[in-house]
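Asker: Before anything else, here's the structure in question.
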Amino acid sequence: MTLNPVETPCETAIDLATFETNARRFLDAHLQPAATSTSVWGVGDDTMSPYAKRTPAQELERIERARAWKQTEFDAGFGWITGPLELGGAALTPDHARLYSEIQNAYDVPPTDIYAISLGMVAPAILQHGKRGVVDRYVEAMHRGDLIGCQLFSEPGAGSDVASLTTKATCDRDDWIISGQKVWTSGAHHADVGLLLARSNTDAPKHRGITAFAIPMSLPGIEVRPLTMMTGGTEFNEVFFDDVRLHDSFRLGPIDGGWGVAISVLMNERALGTGDAFGLGRAVERLRMTTAVQPSNARNPLVRQQLARIVCAAECIRYQALAADGRRTAGLPPGPAESVFKLANTHALRLVAELAGQMLGAAAIADTGEWGTYAWADLILTVPGLRVAGGTDEVMRNILAERVLGLPKEPSSVR
Amino acid sequence: MTLNPVETPCETAIDLATFETNARRFLDAHLQPAATSTSVWGVGDDTMSPYAKRTPAQELERIERARAWKQTEFDAGFGWITGPLELGGAALTPDHARLYSEIQNAYDVPPTDIYAISLGMVAPAILQHGKRGVVDRYVEAMHRGDLIGCQLFSEPGAGSDVASLTTKATCDRDDWIISGQKVWTSGAHHADVGLLLARSNTDAPKHRGITAFAIPMSLPGIEVRPLTMMTGGTEFNEVFFDDVRLHDSFRLGPIDGGWGVAISVLMNERALGTGDAFGLGRAVERLRMTTAVQPSNARNPLVRQQLARIVCAAECIRYQALAADGRRTAGLPPGPAESVFKLANTHALRLVAELAGQMLGAAAIADTGEWGTYAWADLILTVPGLRVAGGTDEVMRNILAERVLGLPKEPSSVR
Amino acid sequence: MQFALTEEQTVLQQTASAFVDRYCPAALAKTWDETNHFPADLWQRMADLGWFSLPYPLDWGGGGGSPLEICIIAEALAHSSLDVAMAYVGTFIPGLVIYRHGTDEQRERFKPGLLEGAYRIAVAISEPDAGSDAAALRCSAVDAGDRFIVNGQKAWCTGAGLPGALIAAYVRTDPDAPKHRGISLLLIPGDAQGVQIRRTPTLARHLLGTNEVFFDDVEVPRENLVGALHGGFSLLMSGLDMEKTVMAAAYTGVAQSTLDEMLAYSKERRQFDRPIGNFQALAHPMADLQTEIDAARLLAYRAAWMISSQQPCTREASMAKLKGSETYVAAARLGMQVLAGHGFSTESVMSFRWRESIVATISGGTSQIQRNAVAKSMGLITY
Amino acid sequence: MQFALTEEQTVLQQTASAFVDRYCPAALAKTWDETNHFPADLWQRMADLGWFSLPYPLDWGGGGGSPLEICIIAEALAHSSLDVAMAYVGTFIPGLVIYRHGTDEQRERFKPGLLEGAYRIAVAISEPDAGSDAAALRCSAVDAGDRFIVNGQKAWCTGAGLPGALIAAYVRTDPDAPKHRGISLLLIPGDAQGVQIRRTPTLARHLLGTNEVFFDDVEVPRENLVGALHGGFSLLMSGLDMEKTVMAAAYTGVAQSTLDEMLAYSKERRQFDRPIGNFQALAHPMADLQTEIDAARLLAYRAAWMISSQQPCTREASMAKLKGSETYVAAARLGMQVLAGHGFSTESVMSFRWRESIVATISGGTSQIQRNAVAKSMGLITY
């Protein structure tokens with residue numbers, strides 16, 4: 001089945017002006033105006049990195065806040081504006097969604113990054129490739145924030161080369177038996193459902209022997225172990241499958257046709273990288289503030305030159321992100337060109353982190369307790385991870401070369 | 001006097017749809033549809049550099065084509081769409097101008113780069129700061145393409161530091177006597193009028209002793225000598241003033257108030273750098289084509305990676321240029337933020353030239369007669385010039401640091 | 001001009017290399033760092049080999065080693081970690097100050113400890129608000145005849161918290177003199193009354209630890225004044241070329257290890273049906289890196305040779321420090337790209353290299369400061 | 001390890017330096033380049049100093065110079081221009097091939113010309129369609145007993161158009177053998193019947209000129225076959241390390257000149273009331289560049305030392321070529337930024353440096369090829 005939001009009937013649509021009034025009324029009732037306090041030196045939380053270290057209690061509290069907000073928003077009809085009515089969506093147009101997202105910018109919305117993969121990749125894949133029962137079980141609940149999904153693609157031996165995965169799915173009458181190991185699974189310890197790729201046919205060429213599944217993370221035989229990052233963060237996991245039994249109705253797409261599912265998901269993953277997913281805007285602003293409060297840096301010609309360079313890059317990226325967001329909100333599918341965005345973004349973040357290190361010197365690498373100084377250490381440590389997550393720079397550039405520029409495939413890459 | 005186009009009466013305005021019909025009718029009558037031939041390997045002119053070497057005859061022919069087109073366009077009412085009626089403008093809105101420029105993209109318009117400085121910098125400065133007689137004498141004729149203006153700012157000892165100029169203007173009753181030397185004057189040998197900065201007061205601080213003038217280039221005592229560039233091109237000149245007598249009515253702005261005129265002009269200069277003034281889009285496309293026709297490069301992982309990097313950069317710049325053009329067409333003044341654009345653009349061009357050199361190897365530096373190979377040499381030679389013209393990278397970054405980021409002025413720069 | 005090591009130097013290199021393999025392989029250095037562990041027995045083993053006495057002249061009971069030989073040890077130790085190499089270098093560099101500028105009595109008093117590396121001499125220069133101008137320090141020592149009374153605060157004091165630490169504190173003894181002329185060097189035991197030490201959390205360099213030190217009416221006997229009263233600034237500047245040079249050698253050592261580690265991974269790790277090291281997009285940057293490491297090593301050795309042949313080499317030592325530290329950072333950055341996710345996980349040595357490399361271009365004089373020094377030697381005065 | 005030149009080497013360096021100042025200062029080299037002028041008397045002066053005989057052993061009548069001494073000359077000449085240095089290097093490198101692989105008769109026949117630098121030996125390898133694989137050449141020589149009949153076309157042939165030029169052409173003598181095993185080296189006078197030479201317009205390197213050479217039934221006497229029949233490929237590969245090393249020294253020489261020129265300009269040119277060299281935004285890149293030039297020079301000298309001590313050094317020579325040529329390009333790029341408009345004008349020597357530098361990372365094996373060689377030495381096979 002397909003439930004393409006673009007095809008839903010529009011007769012229920014309300015006009016944009018009324019919608020705006022309703023949206024503002026709803027947001028006024030539940031949220032504070034966006035604080036500008038993050039732009040004042042020394043005020044507020046000074047963490048910078050998306051992979052910042054949090055205690056388990058802090059993390060849970062953060063998820064609960066996100067979940068409560070998601071539920072409130074969904075129940076008020078703003079959670080899935082373009083979604084179909086039968087799955088709890090509002091069946092409105094992309095213009096409504098874009099408008100809501102603009103209005104929302106003026107409010108202090110709880111951070112909902114925990115749902116980024118769940119809603120950006122897992123839910124669309126289930127909706128597009130899942131059987132009716134699985135769609136009903138997960139999609140609405142995921143959009144309401146009740147359930148969280150994670151992505152089970154990477155393996156210890158299959159990182160950039162996802163298609164070389166070896167986690168096995170063996171058919172046993174109406175069930176599949178899953179065995180193997182996944183790694184770099186973001187948020188698996190909070191997830192209710194996983195989007196799994198497994199090898200169902202070892203005789204076929206590697207891209208043609210993979211099947212995709214939605215898999216309940218509570219099944220017996222699944223074990224999630226945290227990976228500790230340099231930052232101290234533990235949001236990535238290893239996930240072990242020890243003869244896990246899964247009914248065939250959880251299969252997504254055809255048997256041995258999982259690579260097609262994967263491609264559609266990976267495209268969505270790259271699109272996740274737009275917006276200010278990596279916090280570049282915030283980081284550049286913090287860099288500017290840091291310079292401003294330090295006269296020796298503000299007057300240092302080298303710092304000035306490099307800061308100017310970075311602002312150039314960030315400005316370019318911002319315009320591009322606006323264009324890409326426009327495409328997405330308009331319901332256009334993300335194209336391979338959006339690989340560009342992640343590359344440019346993580347490169348700029350690297351420059352930001354390097355300049356911060358240069359400006360702050362020892363204060364960036366040792367904690368003196370001063371606001372906004374050692375906070376940079378997290379970002380400095382995170383940058384290499386950002387460049388790798390969702391495809392290394394090299395892989396992203398190759399995708400660009402092949403799919404956007406139309407160059408031939410890299411030699412002897414057997415795909 | 002000020003004749004601000006935005007303030008002209010709009011009762012004469014025609015609606016956009018009618019305007020579009022008229023514009024298409026006019027363009028259909030005079031131009032061919034834009035050839036796509038520049039995107040076919042081996043077809044058409046393969047020159048790449050904006051400073052390509054041309055024979056004097058080729059150059060004159062090019063100017064004559066541009067002038068003929070400018071005149072036709074102006075007389076049909078499309079030459080100065082937002083300009084005031086009394087100066088031959090059409091007194092329409094920025095929306096009309098933007099629409100015309102979009103429609104025009106589909107036609108094979110003769111290159112009119114010779115007018116870029118004339119209309120982008122000199123004419124606006126005369127219009128804004130000139131006395132009635134000078135405005136009447138020059139502005140309409142410049143917009144019609146009858147006359148060409150050049151900019152007389154840089155001197156051998158005053159490049160980035162324009163305000164340290166020493167060309168003297170000495171008051172002699174109602175006249176000024178001009179003596180000194182200008183350099184890097186683009187197109188002076190074709191110009192009818194120059195926008196001159198000269199030192200009128202040697203006792204005042206350097207920014208407060210400068211006066212601006214419009215100066216007829218045919219006056220006795222003015223000598224223009226070509227400078228030869230590495231590319232072999234001679235579009236830059238030295239201009240010598242030997243006791244040139246100029247009536248005070250040619251003065252722009254107040255006596256000793258020339259720095260204000262200069263600032264408004266320099267801002268316009270930076271804005272010139274948007275659009276695809278440097279030919280980045282064309283160069284990237286040529287690079288892609290070059291790769292595509294050379295299997296060894298198309299499959300070379302390093303070339304692929306670097307090409308992808310460059311496409312990222314160019315894509316970012318394109319979106320930014322669109323935004324900047326939007327601002328300009330909407331009649332908003334160019335801001336210092338547009339310094340960003342030139343920096344990003346020339347940096348990307350440098351990467352393009354380097355990769356082309358790497359890919360083509362000897363064929364980029366020696367002329368084998370093959371289409372589209374040695375043609376790169378011009379661009380390779382031009383890149384350093386582009387990075388310097390209109391402000392070195394270092395100066396542009398400093399402007400950005402001070403005017404956009406609000407950092408304090410660089411220490412001990414006495415300005 | 002010749003580029004070969006002598007036979008003795010080759011043996012020394014092999015010994016040091018075997019030492020690292022046996023007592024402090026990189027994975028162990030990483031564990032020490034992660035657990036803030038100070039491996040005291042490692043120092044004892046270095047002392048047993050006579051390494052701490054090496055920099056001192058033979059006629060004083062030292063090993064009479066040349067700067068090049070010390071570079072060889074530092075470089076080899078850095079294959080373990082920069083921290084291990086720095087701990088070695090940090091022990092004798094301040095020791096040489098005492099040897100060169102101390103009174104006869106002080107030289108005799110401290111001699112056994114110096115030759116055996118028994119002291120952890122923690123150099124205390126920087127202060128929280130003094131910025132990068134070392135001469136602007138404010139920590140005060142009042143002359144009370146047979147002793148000084150010290151008050152104030154020091155920052156970035158490496159190793160001050162270790163047992164038996166001796167703090168070599170640069171303090172202001174004449175508040176009225178021009179800032180360079182009122183500084184003195186005092187040796188203050190870390191456990192003296194009124195000394196309080198607080199460890200600073202840092203990204204790396206956890207073996208010795210980075211500390212803030214607070215002095216509250218600390219009494220320091222006059223015999224612990226090293227060099228002339230108010231003459232401390234020249235002591236502070238002395239030995240800088242040697243320190244930069246030896247550390248430059250250490251940077252090339254750890255950069256080489258970093259490259260070796262990523263190279264091994266790139267040959268073993270397969271993606272798209274071949275070892276990832278066979279992709280030019282990784283192979284060429286690694287080839288470039290090896291070229292840069294070789295170049296950085298030659299710059300360090302050249303500076304060492306100049307020191308031993310008594311040529312002034314502030315410019316060459318700055319070049320070596322600049323190039324060495326920047327090369328280590330570049331190596332760690334490339335290592336993170338080659339190891340990708342594995343590098344980001346704390347399981348990998350590379351995660352440790354990355355953390356540690358960030359310190360390299362900051363400590364011991366930032367890259368900007370080295371560039372200023374080189375620019376000055378070229379006749380450019382920057383401000 | 002020691003980094004000093006011997007007294008003789010120092011004198012040689014001073015002589016070469018004075019030679020450049022007197023006979024071919026950079027501005028003059030630029031004029032020659034702009035006017036495609038071949039300064040024949042300059043070669044005579046080099047010959048008078050015995051430089052062309054220097055690479056040959058004493059017992060053959062040569063100067064018995066070591067690779068390091070040849071590097072010293074090449075580096076000094078490159079202060080004039082890369083082209084001048086290349087003309088020197090390009091004279092003896094193919095000469096050494098004749099000396100090493102020629103018959104006794106050939107050695108005697110060519111000896112006077114080789115020792116006096118009288119021949120302009122133009123090496124002809126590349127062909128228009130052969131790409132970067134030298135072994136894929138197709139230019140054919142048919143064995144006709146006492147002579148060969150040569151037909152085909154060569155490209156990128158430096159100096160072939162000069163009076164008295166001798167073309168050292170690698171040709172295919174066995175079309176059926178595997179491509180590396182059917183190549184031979186023939187010496188063909190540039191004025192032989194059936195040889196046609198066409199100059200290729202180029203960005204730089206105009207002293208000797210770059211040419212296409214066409215062979216149309218050219219008869220070459222058998223005594224002009226150098227080395228074994230079908231054995232030419234090993235001759236082609238021989239001496240590559242030496243060539244890369246000496247050229248690497250030349251790159252560091254011209255890079256140093258480029259830096260010296262921008263440095264002088266930066267001290268003289270004032271903007272915003274101070275010399276532009278005092279802005280850190282220019283001073284620090286120049287300091288970095290001096291560091292890189294020193295590093296590149298040490299890599300070149302190391303390779304030269306390895307050749308003279310008979311160590312294999314393909315890796316080290318590739319590193320030296322890579323680093324040297326990339327450093328020259330970086331120097332010229334920075335020079336264009338420092339000189340700004342003045343650099344872009346043909347009045348400045350910098351405009352010539354920029355044009356010329358672009359050749360450096362392409363000719364004599366591109367940077368990609370050097371990186372492949374280094375990667376191979378690290379156990380990485382790229383494809």
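Chain labels A, B, ... are given in the sequence in which chains occur in the structure tokens; within each chain residues are numbered consecutively from 1, and ligands are likewise numbered from 1 in the order shown.
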Might you pull out every residue within 12 Å of B:Pro156, with only C-alpha atoms counted and same-chain residues fewer than 5 positions away left off, and present them as number ranges by chain?
Answerer: B: 161-162, 164-167, 180-185, 237-240; D: 269-271, 339-342
Asker: Among stretch 121-321 of chain A, which residues does DSSP mark as strand (DSSP E or B) when it is run on the backbone? Keep the chain and numbering as in the structure and answer as a PyMOL selection string.
Answerer: chain A and resi 149-152+155+158+168-172+175-186+193-199+210-216+222-226+229+236-247+251-252+257
Asker: Have a look at atom CA of D:Ser238 and atom CA of D:Glu8 and let me know their distance in Å, one decimal.
Answerer: 28.7 Å
Asker: In Å to one decimal, how far is atom CA of D:Thr245 from atom CA of D:Ala136?
Answerer: 25.5 Å
Asker: Would you pick out the contacts of stretch 146-153 of chain B at 10 Å or less, using only C-alpha atoms, so that residues sharing its chain but fewer than 2 positions from it are not included, and give the list as a compact mmCIF listing (two decimals) with N, CA, C and O atoms, in the first residue's frame?
Answerer:
# COMPACT_ATOMS: atom_id res chain seq x y z
N ARG B 67 27.14 48.04 -27.75
CA ARG B 67 26.56 49.38 -27.82
C ARG B 67 25.26 49.38 -28.64
O ARG B 67 24.24 49.93 -28.23
N ALA B 68 25.33 48.65 -29.77
CA ALA B 68 24.14 48.59 -30.62
C ALA B 68 22.96 47.98 -29.86
O ALA B 68 21.83 48.46 -29.92
N LYS B 70 22.55 47.86 -26.54
CA LYS B 70 22.14 48.77 -25.47
C LYS B 70 21.20 49.84 -26.02
O LYS B 70 20.18 50.18 -25.42
N GLN B 71 21.57 50.38 -27.16
CA GLN B 71 20.77 51.46 -27.74
C GLN B 71 19.39 50.96 -28.14
O GLN B 71 18.37 51.58 -27.84
N ILE B 114 31.38 45.42 -20.78
CA ILE B 114 32.06 46.71 -20.87
C ILE B 114 31.27 47.80 -20.13
O ILE B 114 31.84 48.80 -19.67
N TYR B 115 29.96 47.59 -19.96
CA TYR B 115 29.14 48.58 -19.27
C TYR B 115 28.99 48.32 -17.77
O TYR B 115 28.29 49.06 -17.08
N ALA B 116 29.61 47.25 -17.28
CA ALA B 116 29.36 46.87 -15.89
C ALA B 116 29.75 47.98 -14.92
O ALA B 116 28.96 48.38 -14.06
N ILE B 117 30.97 48.48 -15.06
CA ILE B 117 31.42 49.54 -14.15
C ILE B 117 30.71 50.85 -14.47
O ILE B 117 30.29 51.59 -13.59
N SER B 118 30.52 51.10 -15.75
CA SER B 118 29.88 52.33 -16.20
C SER B 118 28.50 52.48 -15.56
O SER B 118 28.17 53.53 -15.00
N LEU B 119 27.70 51.42 -15.65
CA LEU B 119 26.32 51.51 -15.15
C LEU B 119 26.21 51.08 -13.69
O LEU B 119 25.30 51.52 -12.99
N GLY B 120 27.11 50.21 -13.25
CA GLY B 120 27.01 49.73 -11.88
C GLY B 120 27.59 50.70 -10.87
O GLY B 120 27.17 50.73 -9.72
N MET B 121 28.55 51.52 -11.30
CA MET B 121 29.22 52.39 -10.34
C MET B 121 29.24 53.85 -10.73
O MET B 121 28.91 54.71 -9.93
N VAL B 122 29.64 54.12 -11.98
CA VAL B 122 29.86 55.53 -12.35
C VAL B 122 28.53 56.27 -12.48
O VAL B 122 28.34 57.32 -11.87
N ALA B 123 27.60 55.71 -13.26
CA ALA B 123 26.32 56.40 -13.47
C ALA B 123 25.57 56.61 -12.15
O ALA B 123 25.09 57.73 -11.90
N ARG B 137 24.11 65.60 -18.74
CA ARG B 137 25.10 65.34 -19.79
C ARG B 137 25.42 63.85 -19.91
O ARG B 137 25.66 63.32 -20.99
N TYR B 138 25.44 63.15 -18.74
CA TYR B 138 25.98 61.79 -18.78
C TYR B 138 24.98 60.66 -18.53
O TYR B 138 25.05 59.62 -19.18
N VAL B 139 24.07 60.82 -17.56
CA VAL B 139 23.40 59.63 -17.05
C VAL B 139 22.56 58.91 -18.11
O VAL B 139 22.68 57.70 -18.29
N GLU B 140 21.75 59.66 -18.83
CA GLU B 140 20.92 59.01 -19.85
C GLU B 140 21.80 58.41 -20.95
O GLU B 140 21.61 57.27 -21.37
N ALA B 141 22.79 59.16 -21.39
CA ALA B 141 23.66 58.68 -22.47
C ALA B 141 24.42 57.42 -22.05
O ALA B 141 24.67 56.52 -22.86
N MET B 142 24.78 57.34 -20.77
CA MET B 142 25.47 56.13 -20.29
C MET B 142 24.51 54.95 -20.29
O MET B 142 24.86 53.84 -20.69
N HIS B 143 23.27 55.19 -19.84
CA HIS B 143 22.31 54.09 -19.83
C HIS B 143 21.96 53.64 -21.24
O HIS B 143 21.64 52.48 -21.47
N ARG B 144 22.00 54.57 -22.17
CA ARG B 144 21.70 54.19 -23.57
C ARG B 144 22.92 53.51 -24.22
O ARG B 144 22.83 52.99 -25.32
N GLU B 155 45.79 54.03 -7.19
CA GLU B 155 47.03 54.65 -7.60
C GLU B 155 48.18 53.70 -7.30
O GLU B 155 48.01 52.77 -6.52
N ALA B 158 48.40 53.52 -3.75
CA ALA B 158 47.13 53.45 -3.02
C ALA B 158 46.25 52.40 -3.69
O ALA B 158 45.50 52.69 -4.61
N GLY B 159 46.42 51.16 -3.25
CA GLY B 159 45.64 50.07 -3.82
C GLY B 159 44.51 49.73 -2.88
O GLY B 159 43.42 50.30 -2.93
N VAL B 162 42.81 52.86 -0.52
CA VAL B 162 42.44 53.88 -1.50
C VAL B 162 42.60 55.29 -0.93
O VAL B 162 43.03 56.21 -1.62
N ALA B 163 42.30 55.44 0.35
CA ALA B 163 42.26 56.79 0.93
C ALA B 163 43.63 57.44 1.02
O ALA B 163 43.73 58.63 1.31
N LEU B 165 45.45 58.07 -1.42
CA LEU B 165 45.75 58.56 -2.77
C LEU B 165 46.41 59.94 -2.76
O LEU B 165 46.21 60.73 -1.84
N THR B 167 46.91 61.84 -6.03
CA THR B 167 46.57 62.68 -7.19
C THR B 167 45.94 63.97 -6.66
O THR B 167 45.03 63.93 -5.85
N GLN B 181 48.61 60.37 -10.99
CA GLN B 181 48.54 59.13 -11.77
C GLN B 181 47.58 58.14 -11.14
O GLN B 181 47.59 57.93 -9.92
N LYS B 182 46.77 57.52 -11.97
CA LYS B 182 45.89 56.44 -11.54
C LYS B 182 46.35 55.15 -12.21
O LYS B 182 47.02 55.17 -13.25
N VAL B 183 45.97 54.01 -11.64
CA VAL B 183 46.41 52.74 -12.21
C VAL B 183 45.29 51.71 -12.03
O VAL B 183 44.36 51.92 -11.25
N TRP B 184 45.39 50.60 -12.74
CA TRP B 184 44.38 49.55 -12.70
C TRP B 184 43.01 50.06 -13.09
O TRP B 184 42.00 49.65 -12.57
N THR B 185 43.01 51.00 -14.03
CA THR B 185 41.74 51.55 -14.49
C THR B 185 41.22 50.64 -15.60
O THR B 185 41.81 50.55 -16.66
N SER B 186 40.14 49.98 -15.30
CA SER B 186 39.59 49.04 -16.27
C SER B 186 38.85 49.80 -17.36
O SER B 186 37.99 50.64 -17.07
N GLY B 187 39.20 49.55 -18.59
CA GLY B 187 38.47 50.12 -19.72
C GLY B 187 38.66 51.60 -19.95
O GLY B 187 37.88 52.22 -20.68
N ALA B 188 39.70 52.20 -19.38
CA ALA B 188 39.89 53.65 -19.54
C ALA B 188 40.04 54.06 -21.00
O ALA B 188 39.67 55.16 -21.39
N HIS B 189 40.59 53.15 -21.81
CA HIS B 189 40.84 53.51 -23.21
C HIS B 189 39.55 53.55 -24.04
O HIS B 189 39.57 53.97 -25.18
N HIS B 190 38.44 53.08 -23.46
CA HIS B 190 37.17 53.20 -24.18
C HIS B 190 36.25 54.20 -23.51
O HIS B 190 35.13 54.42 -23.98
N ALA B 191 36.70 54.78 -22.40
CA ALA B 191 35.78 55.55 -21.58
C ALA B 191 35.65 57.00 -22.05
O ALA B 191 36.60 57.60 -22.55
N ASP B 192 34.45 57.55 -21.87
CA ASP B 192 34.18 58.94 -22.18
C ASP B 192 34.26 59.81 -20.94
O ASP B 192 34.54 60.99 -21.01
N VAL B 193 33.96 59.20 -19.80
CA VAL B 193 33.93 59.96 -18.57
C VAL B 193 34.53 59.11 -17.45
O VAL B 193 34.32 57.90 -17.40
N GLY B 194 35.27 59.77 -16.56
CA GLY B 194 35.87 59.04 -15.45
C GLY B 194 35.31 59.53 -14.13
O GLY B 194 34.95 60.71 -13.99
N LEU B 195 35.24 58.61 -13.17
CA LEU B 195 34.83 58.97 -11.82
C LEU B 195 36.13 59.07 -11.03
O LEU B 195 36.75 58.06 -10.72
N LEU B 196 36.51 60.30 -10.72
CA LEU B 196 37.86 60.55 -10.19
C LEU B 196 37.83 60.91 -8.71
O LEU B 196 37.00 61.71 -8.27
N LEU B 197 38.77 60.33 -7.96
CA LEU B 197 39.02 60.80 -6.59
C LEU B 197 40.36 61.49 -6.58
O LEU B 197 41.34 60.95 -7.10
N ALA B 198 40.40 62.68 -5.98
CA ALA B 198 41.68 63.40 -5.92
C ALA B 198 41.80 64.10 -4.58
O ALA B 198 40.80 64.38 -3.90
N ALA B 212 35.57 64.22 -5.05
CA ALA B 212 35.22 63.38 -6.20
C ALA B 212 34.77 64.23 -7.38
O ALA B 212 34.15 65.28 -7.18
N PHE B 213 35.08 63.76 -8.57
CA PHE B 213 34.69 64.48 -9.79
C PHE B 213 34.23 63.51 -10.87
O PHE B 213 34.68 62.35 -10.90
N ALA B 214 33.38 64.02 -11.76
CA ALA B 214 33.18 63.36 -13.05
C ALA B 214 34.09 64.10 -14.03
O ALA B 214 34.05 65.33 -14.09
N ILE B 215 34.93 63.36 -14.73
CA ILE B 215 35.90 64.05 -15.58
C ILE B 215 35.85 63.52 -17.00
O ILE B 215 35.93 62.31 -17.22
N PRO B 216 35.65 64.42 -17.98
CA PRO B 216 35.64 63.97 -19.38
C PRO B 216 37.03 63.45 -19.75
O PRO B 216 38.02 64.14 -19.51
N MET B 217 37.09 62.27 -20.31
CA MET B 217 38.38 61.63 -20.55
C MET B 217 39.12 62.25 -21.74
O MET B 217 40.28 61.94 -21.98
N GLU B 238 47.01 52.53 -17.08
CA GLU B 238 47.46 53.64 -16.24
C GLU B 238 46.90 54.91 -16.85
O GLU B 238 46.82 55.03 -18.08
N VAL B 239 46.51 55.85 -16.03
CA VAL B 239 46.00 57.13 -16.54
C VAL B 239 46.80 58.24 -15.88
O VAL B 239 46.90 58.29 -14.64
N ALA B 262 33.09 57.82 -2.48
CA ALA B 262 33.86 56.60 -2.74
C ALA B 262 33.22 55.40 -2.05
O ALA B 262 33.10 54.32 -2.65
N VAL B 265 30.28 54.13 -3.83
CA VAL B 265 30.68 53.47 -5.07
C VAL B 265 31.30 52.10 -4.80
O VAL B 265 31.00 51.12 -5.49
N LEU B 266 32.16 52.03 -3.77
CA LEU B 266 32.83 50.76 -3.48
C LEU B 266 31.81 49.70 -3.07
O LEU B 266 31.96 48.52 -3.39
Asker: Using only C-alpha atoms and a distance of at most 6 Å, pull out the residues of chain B that contact chain D, as a tab-separated table (two decimals) with N, CA, C and O atoms, in the first residue's frame.
Answerer:
chain	number	residue	atom	x	y	z
B	161	ASP	N	44.46	50.48	0.13
B	161	ASP	CA	44.31	51.66	0.97
B	161	ASP	C	44.00	52.86	0.08
B	161	ASP	O	44.82	53.76	-0.07
B	228	THR	N	50.06	45.59	-19.54
B	228	THR	CA	49.94	44.24	-20.07
B	228	THR	C	49.84	43.23	-18.94
B	228	THR	O	50.66	43.23	-18.02
B	229	MET	N	48.81	42.40	-19.00
B	229	MET	CA	48.60	41.37	-17.99
B	229	MET	C	49.32	40.10	-18.41
B	229	MET	O	49.65	39.91	-19.56
B	230	MET	N	49.48	39.19	-17.43
B	230	MET	CA	50.03	37.88	-17.72
B	230	MET	C	49.29	37.17	-18.84
B	230	MET	O	49.86	36.41	-19.60
B	361	GLY	N	46.92	18.34	-17.16
B	361	GLY	CA	48.37	18.23	-17.19
B	361	GLY	C	48.96	19.13	-18.24
B	361	GLY	O	48.58	20.30	-18.36
B	365	ILE	N	48.85	23.66	-20.19
B	365	ILE	CA	49.91	24.66	-20.19
B	365	ILE	C	50.63	24.75	-21.53
B	365	ILE	O	51.53	25.54	-21.69
B	366	ALA	N	50.24	23.91	-22.46
B	366	ALA	CA	50.83	23.98	-23.80
B	366	ALA	C	49.71	23.77	-24.80
B	366	ALA	O	48.83	22.94	-24.60
B	367	ASP	N	49.78	24.53	-25.87
B	367	ASP	CA	48.65	24.56	-26.82
B	367	ASP	C	48.80	23.49	-27.89
B	367	ASP	O	49.59	23.62	-28.81
B	385	GLY	N	44.48	37.50	-10.48
B	385	GLY	CA	43.99	38.85	-10.73
B	385	GLY	C	42.59	39.05	-10.19
B	385	GLY	O	42.27	40.07	-9.60
B	388	VAL	N	42.39	39.76	-6.61
B	388	VAL	CA	42.93	41.05	-6.19
B	388	VAL	C	42.03	42.20	-6.62
B	388	VAL	O	41.84	43.16	-5.88
B	413	SER	N	45.56	50.84	12.21
B	413	SER	CA	45.24	51.27	10.86
B	413	SER	C	44.61	52.64	11.03
B	413	SER	O	43.51	52.79	11.55
Asker: When you count only C-alpha atoms, which of these residues is closest to chain A: B:Leu355, B:Cys171, B:Ala17, B:Ala344?
Answerer: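 Result for the nearest residue to chain A: B:Ala344.
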